[in-house]
2 protein chains.
Amino acid sequence: MSSNPTKPSRGRPKTLDRDHVLDVAMEAYWKEDIGNLSLNEVCRRSGVSKPGLYREFSNEDGLMKAVIIRYQEQILNPVQQMLHSENSFRETLDSLVSFATSASCHHESPMGCLFIKMRESRSHLGEATRSQVDFLEEQALTAFKKWVERSKAKGEFSADMSSEFAATYIDAQISSASSQLARGEDPKIVKKILSVAFSMLG
Amino acid sequence: MSSNPTKPSRGRPKTLDRDHVLDVAMEAYWKEDIGNLSLNEVCRRSGVSKPGLYREFSNEDGLMKAVIIRYQEQILNPVQQMLHSENSFRETLDSLVSFATSASCHHESPMGCLFIKMRESRSHLGEATRSQVDFLEEQALTAFKKWVERSKAKGEFSADMSSEFAATYIDAQISSASSQLARGEDPKIVKKILSVAFSMLG
DNA sequence: CTAATTAAATACCGATTGGTACAATAATGA
DNA sequence: TCATTATTGTACCAATCGGTATTTAATTAG
């Protein structure tokens, strides 16, 4: 609002690169065990002192919440967009499956979804992160449900189940696939499993 | 071999109750986060001193391996027995689903499968426990595969897929259900998801 | 009774954790 | 120039971790 154009700041100029820290932390939480990655380790890897990190994110909970919000913006929102395309249910479903079982663009190996990983390690999250994850879950289920409802209206969804349950079912299968990928299973097999699990929907 | 009938023991009599410690540890690992449950905590809860626990199990890895072996004997083996019944594929599958989604006999709430939980927290396991888990996984996949093969021979398995893949698929769905239960989801919904996921098999 | 043997628990070890007190540093405004 | 303001990093805190050295207690063999 006031500090963007020039530099009306007063004290010692800030050198801490918030985005860099978030990049490092996101990749770390994504690829490794969330409950086993310490703040100290994040500091080491991002080259930031511990008090610096605490000044920026308050505490571990604050850092993780910032990470999951960043993940939402960078990864989850584009997926949600997919659900609003004009394609048929089957086409969209195939896109979803392909996205879920392929390595994401900028990372070498497939490793599942950070959001789903956090949901699975709920006990390691702080309060703020946990409620953010809950919010995302609600959002995802709603998006799936509306997608199914629209597909039903178009006559493209033939399975005899409520849109609510269909959303739960799709979410469960995608989550399972994410876990398998994170565990190191062959993406082709994971994709095949998803195909079979979704074979009766359209 | 030699110490069973009477007491040919020499030194101070042992008071440590191995079975009690294993009961406490199994329930704890089962219900709570594996990577967050310390040896100290197991000692506290079982009323055993730390050196006592180390004398009995060598180290944390030894304790966890003893726990998973106990779990295999008490829980997993009976399930494997189910796969060798004379019932039809559908009947056996229903039994499997019911077992997987119901609370186990002696515990209040459903909480999934300890073996699957350990498989998911692979990074927290020691070497011995990890290889025991690997062995159990191999055993489970083989059992599923042979079950499918026998069912195919009886003409009760109609889906067009290899027995190998069918085993993988069944394992993935059961694992997913276990995770959902452990996360606290409604067993009825989890069961419904399994039913849908298995609807095309028989 | 004594020596040998075995298991018991207290009290410690170094490492690591999440989190902070504090003094040094670098900028601005007067 | 000099106080004010804001950010820095070192060096620390208590708690906990997995694991162990050591002493004491309880038993049997001779």
# chains A, B, ... in the order shown; residues from 1 in each chain; ligands from 1
>>> calpha_fit_and_write(fixed="chain A", moving="chain B", output="mmCIF file with C-alpha atoms, in the first residue's frame")
data_model
loop_
_atom_site.group_PDB
_atom_site.id
_atom_site.type_symbol
_atom_site.label_atom_id
_atom_site.label_comp_id
_atom_site.auth_asym_id
_atom_site.auth_seq_id
_atom_site.Cartn_x
_atom_site.Cartn_y
_atom_site.Cartn_z
ATOM 1 C CA MET B 1 -0.064 -0.437 0.277
ATOM 2 C CA SER B 2 2.671 2.077 1.095
ATOM 3 C CA SER B 3 6.019 0.346 0.702
ATOM 4 C CA ASN B 4 5.697 -1.030 -2.790
ATOM 5 C CA PRO B 5 6.909 1.691 -5.191
ATOM 6 C CA THR B 6 10.000 3.125 -3.545
ATOM 7 C CA LYS B 7 11.721 2.645 -0.200
ATOM 8 C CA PRO B 8 10.047 4.553 2.589
ATOM 9 C CA SER B 9 11.491 2.005 5.022
ATOM 10 C CA ARG B 10 13.211 3.290 8.062
ATOM 11 C CA GLY B 11 15.586 0.899 9.796
ATOM 12 C CA ARG B 12 18.121 -1.611 8.529
ATOM 13 C CA PRO B 13 17.088 -2.920 5.101
ATOM 14 C CA LYS B 14 15.669 -6.403 4.988
ATOM 15 C CA THR B 15 17.779 -9.055 3.317
ATOM 16 C CA LEU B 16 15.602 -12.075 4.155
ATOM 17 C CA ASP B 17 14.084 -13.507 0.983
ATOM 18 C CA ARG B 18 10.634 -14.669 1.994
ATOM 19 C CA ASP B 19 9.920 -16.377 -1.321
ATOM 20 C CA HIS B 20 13.187 -18.244 -1.198
ATOM 21 C CA VAL B 21 12.468 -19.562 2.288
ATOM 22 C CA LEU B 22 8.993 -20.622 1.200
ATOM 23 C CA ASP B 23 10.391 -22.370 -1.872
ATOM 24 C CA VAL B 24 12.860 -24.299 0.242
ATOM 25 C CA ALA B 25 10.292 -25.162 2.903
ATOM 26 C CA MET B 26 7.614 -26.195 0.403
ATOM 27 C CA GLU B 27 9.907 -28.533 -1.448
ATOM 28 C CA ALA B 28 11.162 -29.998 1.818
ATOM 29 C CA TYR B 29 7.712 -30.594 3.314
ATOM 30 C CA TRP B 30 6.597 -31.967 -0.024
ATOM 31 C CA LYS B 31 9.367 -34.444 -0.551
ATOM 32 C CA GLU B 32 10.191 -35.468 2.979
ATOM 33 C CA ASP B 33 8.436 -36.486 6.140
ATOM 34 C CA ILE B 34 6.586 -33.481 7.480
ATOM 35 C CA GLY B 35 6.807 -34.437 11.119
ATOM 36 C CA ASN B 36 10.516 -35.072 10.850
ATOM 37 C CA LEU B 37 11.584 -31.850 9.194
ATOM 38 C CA SER B 38 12.643 -29.362 11.826
ATOM 39 C CA LEU B 39 12.638 -25.625 11.724
ATOM 40 C CA ASN B 40 16.367 -25.795 12.306
ATOM 41 C CA GLU B 41 16.714 -27.777 9.114
ATOM 42 C CA VAL B 42 14.660 -25.269 7.127
ATOM 43 C CA CYS B 43 16.925 -22.518 8.467
ATOM 44 C CA ARG B 44 20.037 -24.423 7.483
ATOM 45 C CA ARG B 45 18.806 -25.124 3.969
ATOM 46 C CA SER B 46 17.512 -21.660 3.251
ATOM 47 C CA GLY B 47 20.519 -19.932 4.781
ATOM 48 C CA VAL B 48 18.392 -17.937 7.183
ATOM 49 C CA SER B 49 18.991 -17.530 10.894
ATOM 50 C CA LYS B 50 16.403 -18.910 13.254
ATOM 51 C CA PRO B 51 15.339 -15.557 14.721
ATOM 52 C CA GLY B 52 15.046 -14.300 11.156
ATOM 53 C CA LEU B 53 12.650 -17.069 10.326
ATOM 54 C CA TYR B 54 10.635 -16.440 13.480
ATOM 55 C CA ARG B 55 10.435 -12.738 12.710
ATOM 56 C CA GLU B 56 8.983 -13.519 9.299
ATOM 57 C CA PHE B 57 6.612 -16.384 10.157
ATOM 58 C CA SER B 58 6.060 -16.093 13.942
ATOM 59 C CA ASN B 59 6.544 -19.814 14.507
ATOM 60 C CA GLU B 60 6.513 -23.223 12.873
ATOM 61 C CA ASP B 61 2.756 -23.122 12.470
ATOM 62 C CA GLY B 62 3.024 -19.809 10.645
ATOM 63 C CA LEU B 63 5.629 -21.162 8.274
ATOM 64 C CA MET B 64 3.593 -24.245 7.438
ATOM 65 C CA LYS B 65 0.468 -22.202 6.904
ATOM 66 C CA ALA B 66 2.360 -19.894 4.555
ATOM 67 C CA VAL B 67 3.653 -22.959 2.730
ATOM 68 C CA ILE B 68 0.247 -24.561 2.252
ATOM 69 C CA ILE B 69 -1.219 -21.260 1.075
ATOM 70 C CA ARG B 70 1.599 -20.961 -1.457
ATOM 71 C CA TYR B 71 0.941 -24.535 -2.541
ATOM 72 C CA GLN B 72 -2.716 -23.730 -2.993
ATOM 73 C CA GLU B 73 -1.919 -20.740 -5.187
ATOM 74 C CA GLN B 74 0.682 -22.493 -7.298
ATOM 75 C CA ILE B 75 -0.702 -26.010 -7.624
ATOM 76 C CA LEU B 76 -4.215 -26.459 -6.300
ATOM 77 C CA ASN B 77 -5.955 -23.502 -7.903
ATOM 78 C CA PRO B 78 -4.949 -24.552 -11.445
ATOM 79 C CA VAL B 79 -6.392 -27.995 -10.742
ATOM 80 C CA GLN B 80 -9.633 -26.482 -9.549
ATOM 81 C CA GLN B 81 -9.733 -24.547 -12.824
ATOM 82 C CA MET B 82 -9.705 -27.868 -14.687
ATOM 83 C CA LEU B 83 -13.001 -28.785 -13.072
ATOM 84 C CA HIS B 84 -14.656 -25.785 -14.716
ATOM 85 C CA SER B 85 -13.656 -26.527 -18.313
ATOM 86 C CA GLU B 86 -16.193 -27.055 -21.084
ATOM 87 C CA ASN B 87 -14.906 -30.576 -21.726
ATOM 88 C CA SER B 88 -16.962 -33.654 -21.049
ATOM 89 C CA PHE B 89 -16.900 -35.375 -17.671
ATOM 90 C CA ARG B 90 -14.735 -38.154 -19.086
ATOM 91 C CA GLU B 91 -12.253 -35.765 -20.625
ATOM 92 C CA THR B 92 -11.959 -33.733 -17.456
ATOM 93 C CA LEU B 93 -11.616 -36.901 -15.398
ATOM 94 C CA ASP B 94 -8.820 -38.092 -17.660
ATOM 95 C CA SER B 95 -7.056 -34.765 -17.294
ATOM 96 C CA LEU B 96 -7.412 -35.011 -13.538
ATOM 97 C CA VAL B 97 -5.998 -38.526 -13.477
ATOM 98 C CA SER B 98 -3.101 -37.574 -15.729
ATOM 99 C CA PHE B 99 -2.273 -34.565 -13.621
ATOM 100 C CA ALA B 100 -2.483 -36.514 -10.388
ATOM 101 C CA THR B 101 -0.191 -39.285 -11.603
ATOM 102 C CA SER B 102 2.420 -37.265 -13.446
ATOM 103 C CA ALA B 103 5.395 -35.458 -12.024
ATOM 104 C CA SER B 104 4.581 -31.823 -11.550
ATOM 105 C CA CYS B 105 6.315 -29.498 -13.977
ATOM 106 C CA HIS B 106 9.296 -28.266 -12.057
ATOM 107 C CA HIS B 107 10.194 -31.310 -10.000
ATOM 108 C CA GLU B 108 11.968 -34.425 -11.132
ATOM 109 C CA SER B 109 10.042 -37.296 -9.627
ATOM 110 C CA PRO B 110 6.384 -37.726 -8.796
ATOM 111 C CA MET B 111 5.720 -37.402 -5.136
ATOM 112 C CA GLY B 112 2.057 -36.915 -4.632
ATOM 113 C CA CYS B 113 0.268 -33.881 -3.324
ATOM 114 C CA LEU B 114 1.517 -31.760 -0.439
ATOM 115 C CA PHE B 115 -2.017 -30.894 0.627
ATOM 116 C CA ILE B 116 -2.950 -34.557 0.898
ATOM 117 C CA LYS B 117 0.293 -35.271 2.710
ATOM 118 C CA MET B 118 -0.524 -32.587 5.257
ATOM 119 C CA ARG B 119 -4.017 -33.948 5.667
ATOM 120 C CA GLU B 120 -2.506 -37.328 6.449
ATOM 121 C CA SER B 121 -0.060 -35.937 9.001
ATOM 122 C CA ARG B 122 -2.669 -33.885 10.758
ATOM 123 C CA SER B 123 -1.152 -34.488 14.165
ATOM 124 C CA HIS B 124 2.046 -32.690 13.174
ATOM 125 C CA LEU B 125 0.313 -29.499 12.138
ATOM 126 C CA GLY B 126 -0.234 -26.426 14.244
ATOM 127 C CA GLU B 127 -3.625 -24.856 14.746
ATOM 128 C CA ALA B 128 -3.481 -22.363 11.889
ATOM 129 C CA THR B 129 -2.127 -24.858 9.375
ATOM 130 C CA ARG B 130 -4.675 -27.440 10.406
ATOM 131 C CA SER B 131 -7.630 -25.147 9.886
ATOM 132 C CA GLN B 132 -6.222 -24.032 6.534
ATOM 133 C CA VAL B 133 -6.009 -27.689 5.499
ATOM 134 C CA ASP B 134 -9.547 -28.247 6.668
ATOM 135 C CA PHE B 135 -10.666 -25.284 4.627
ATOM 136 C CA LEU B 136 -8.939 -26.624 1.531
ATOM 137 C CA GLU B 137 -10.522 -30.035 2.002
ATOM 138 C CA GLU B 138 -13.963 -28.522 2.239
ATOM 139 C CA GLN B 139 -13.262 -26.467 -0.857
ATOM 140 C CA ALA B 140 -12.076 -29.513 -2.794
ATOM 141 C CA LEU B 141 -15.086 -31.619 -1.877
ATOM 142 C CA THR B 142 -17.418 -28.815 -2.861
ATOM 143 C CA ALA B 143 -15.653 -28.377 -6.200
ATOM 144 C CA PHE B 144 -15.878 -32.092 -6.933
ATOM 145 C CA LYS B 145 -19.542 -32.137 -5.982
ATOM 146 C CA LYS B 146 -20.488 -29.235 -8.205
ATOM 147 C CA TRP B 147 -18.512 -30.715 -11.058
ATOM 148 C CA VAL B 148 -20.452 -33.974 -10.713
ATOM 149 C CA GLU B 149 -23.736 -32.083 -10.506
ATOM 150 C CA ARG B 150 -22.992 -30.215 -13.720
ATOM 151 C CA SER B 151 -21.955 -33.445 -15.397
ATOM 152 C CA LYS B 152 -25.164 -35.131 -14.293
ATOM 153 C CA ALA B 153 -27.147 -32.258 -15.789
ATOM 154 C CA LYS B 154 -25.309 -32.797 -19.070
ATOM 155 C CA GLY B 155 -26.087 -36.511 -18.884
ATOM 156 C CA GLU B 156 -22.407 -37.393 -18.740
ATOM 157 C CA PHE B 157 -22.376 -38.946 -15.292
ATOM 158 C CA SER B 158 -24.257 -42.230 -15.313
ATOM 159 C CA ALA B 159 -23.363 -43.878 -12.007
ATOM 160 C CA ASP B 160 -26.189 -44.189 -9.538
ATOM 161 C CA MET B 161 -24.878 -42.277 -6.546
ATOM 162 C CA SER B 162 -25.379 -38.930 -4.904
ATOM 163 C CA SER B 163 -23.144 -36.109 -6.024
ATOM 164 C CA GLU B 164 -22.023 -35.822 -2.433
ATOM 165 C CA PHE B 165 -20.844 -39.410 -2.309
ATOM 166 C CA ALA B 166 -19.303 -39.212 -5.762
ATOM 167 C CA ALA B 167 -17.209 -36.285 -4.548
ATOM 168 C CA THR B 168 -16.118 -38.284 -1.531
ATOM 169 C CA TYR B 169 -15.273 -41.265 -3.708
ATOM 170 C CA ILE B 170 -13.227 -39.234 -6.180
ATOM 171 C CA ASP B 171 -11.415 -37.500 -3.354
ATOM 172 C CA ALA B 172 -10.613 -40.832 -1.713
ATOM 173 C CA GLN B 173 -9.205 -42.302 -4.908
ATOM 174 C CA ILE B 174 -7.099 -39.266 -5.734
ATOM 175 C CA SER B 175 -5.780 -39.217 -2.173
ATOM 176 C CA SER B 176 -4.919 -42.878 -2.347
ATOM 177 C CA ALA B 177 -3.047 -42.317 -5.607
ATOM 178 C CA SER B 178 -1.140 -39.459 -4.056
ATOM 179 C CA SER B 179 -0.082 -41.642 -1.131
ATOM 180 C CA GLN B 180 1.047 -44.390 -3.432
ATOM 181 C CA LEU B 181 3.140 -41.982 -5.483
ATOM 182 C CA ALA B 182 4.662 -40.500 -2.344
ATOM 183 C CA ARG B 183 5.533 -44.042 -1.273
ATOM 184 C CA GLY B 184 7.438 -44.439 -4.511
ATOM 185 C CA GLU B 185 5.113 -46.688 -6.492
ATOM 186 C CA ASP B 186 5.222 -46.792 -10.267
ATOM 187 C CA PRO B 187 3.108 -43.927 -11.673
ATOM 188 C CA LYS B 188 1.871 -46.125 -14.508
ATOM 189 C CA ILE B 189 0.420 -48.642 -12.100
ATOM 190 C CA VAL B 190 -1.066 -45.903 -9.965
ATOM 191 C CA LYS B 191 -2.694 -44.446 -13.047
ATOM 192 C CA LYS B 192 -4.087 -47.825 -14.003
ATOM 193 C CA ILE B 193 -5.557 -48.240 -10.543
ATOM 194 C CA LEU B 194 -7.259 -44.861 -10.836
ATOM 195 C CA SER B 195 -8.622 -45.798 -14.248
ATOM 196 C CA VAL B 196 -10.196 -48.947 -12.890
ATOM 197 C CA ALA B 197 -11.548 -47.187 -9.825
ATOM 198 C CA PHE B 198 -13.165 -44.536 -12.023
ATOM 199 C CA SER B 199 -14.312 -46.925 -14.737
ATOM 200 C CA MET B 200 -17.895 -47.076 -13.508
ATOM 201 C CA LEU B 201 -18.456 -43.345 -13.125
ATOM 202 C CA GLY B 202 -18.957 -42.100 -16.674
#
>>> select_by_dssp(residues="region 45-185 of chain A", states="helix (DSSP H, G or I)", output="ChimeraX atom specification")
/A:45-46,50-57,60-82,89-101,114-120,122-124,127-153,163-182
>>> interface_residues(of="chain D", to="chain B", cutoff="6 Å", atoms="only C-alpha atoms (C1' of nucleotides)", output="VMD selection string")
chain D and resid 26 to 28
>>> residues_around(residues="region 13-17 of chain C", least_positions_apart="2", cutoff="8 Å", atoms="only C-alpha atoms (C1' of nucleotides)", output="list in words")
Ser38 of chain A; DT16, DC17 and DT20 of chain D
>>> interface_residues(of="chain C", to="chain A", cutoff="6 Å", atoms="only C-alpha atoms (C1' of nucleotides)", output="PDB file with N, CA and C atoms (P, O5', C5', C4', C3', O3' and C1' of nucleotides), in the first residue's frame")
ATOM      1  P    DA C  26      26.898  -3.154   8.685  1.00  0.00           P
ATOM      2  O5'  DA C  26      25.711  -2.370   7.966  1.00  0.00           O
ATOM      3  C5'  DA C  26      24.538  -3.081   7.588  1.00  0.00           C
ATOM      4  C4'  DA C  26      23.354  -2.135   7.523  1.00  0.00           C
ATOM      5  C3'  DA C  26      23.622  -0.808   6.797  1.00  0.00           C
ATOM      6  O3'  DA C  26      22.621  -0.618   5.814  1.00  0.00           O
ATOM      7  C1'  DA C  26      22.539  -0.427   8.856  1.00  0.00           C
ATOM      8  P    DA C  27      23.014   0.116   4.435  1.00  0.00           P
ATOM      9  O5'  DA C  27      22.131   1.449   4.546  1.00  0.00           O
ATOM     10  C5'  DA C  27      20.839   1.483   4.027  1.00  0.00           C
ATOM     11  C4'  DA C  27      19.841   1.971   5.064  1.00  0.00           C
ATOM     12  C3'  DA C  27      19.572   3.479   5.094  1.00  0.00           C
ATOM     13  O3'  DA C  27      18.697   3.834   4.047  1.00  0.00           O
ATOM     14  C1'  DA C  27      19.481   2.486   7.272  1.00  0.00           C
ATOM     15  P    DT C  28      18.523   5.385   3.635  1.00  0.00           P
ATOM     16  O5'  DT C  28      17.573   5.912   4.802  1.00  0.00           O
ATOM     17  C5'  DT C  28      16.249   5.416   4.932  1.00  0.00           C
ATOM     18  C4'  DT C  28      15.553   6.146   6.065  1.00  0.00           C
ATOM     19  C3'  DT C  28      15.373   7.645   5.820  1.00  0.00           C
ATOM     20  O3'  DT C  28      14.040   8.027   6.108  1.00  0.00           O
ATOM     21  C1'  DT C  28      16.521   7.275   7.875  1.00  0.00           C
TER      22       DT C  28
END
>>> atom_distance(atom1="C1' of DA4 (chain C)", atom2="C1' of DG19 (chain D)")
28.0 Å
>>> residues_around(residues="DA30 (chain C)", least_positions_apart="5", cutoff="12 Å", atoms="only C-alpha atoms (C1' of nucleotides)", output="tab-separated table (two decimals) with C-alpha atoms (C1' of nucleotides), in the first residue's frame")
chain	number	residue	atom	x	y	z
D	1	DT	C1'	26.14	14.51	13.96
D	2	DC	C1'	23.13	11.79	16.51
D	3	DA	C1'	18.99	9.69	18.05
D	4	DT	C1'	15.45	6.62	16.15
>>> atom_distance(atom1="C1' of DC1 (chain C)", atom2="C1' of DT24 (chain D)")
19.9 Å
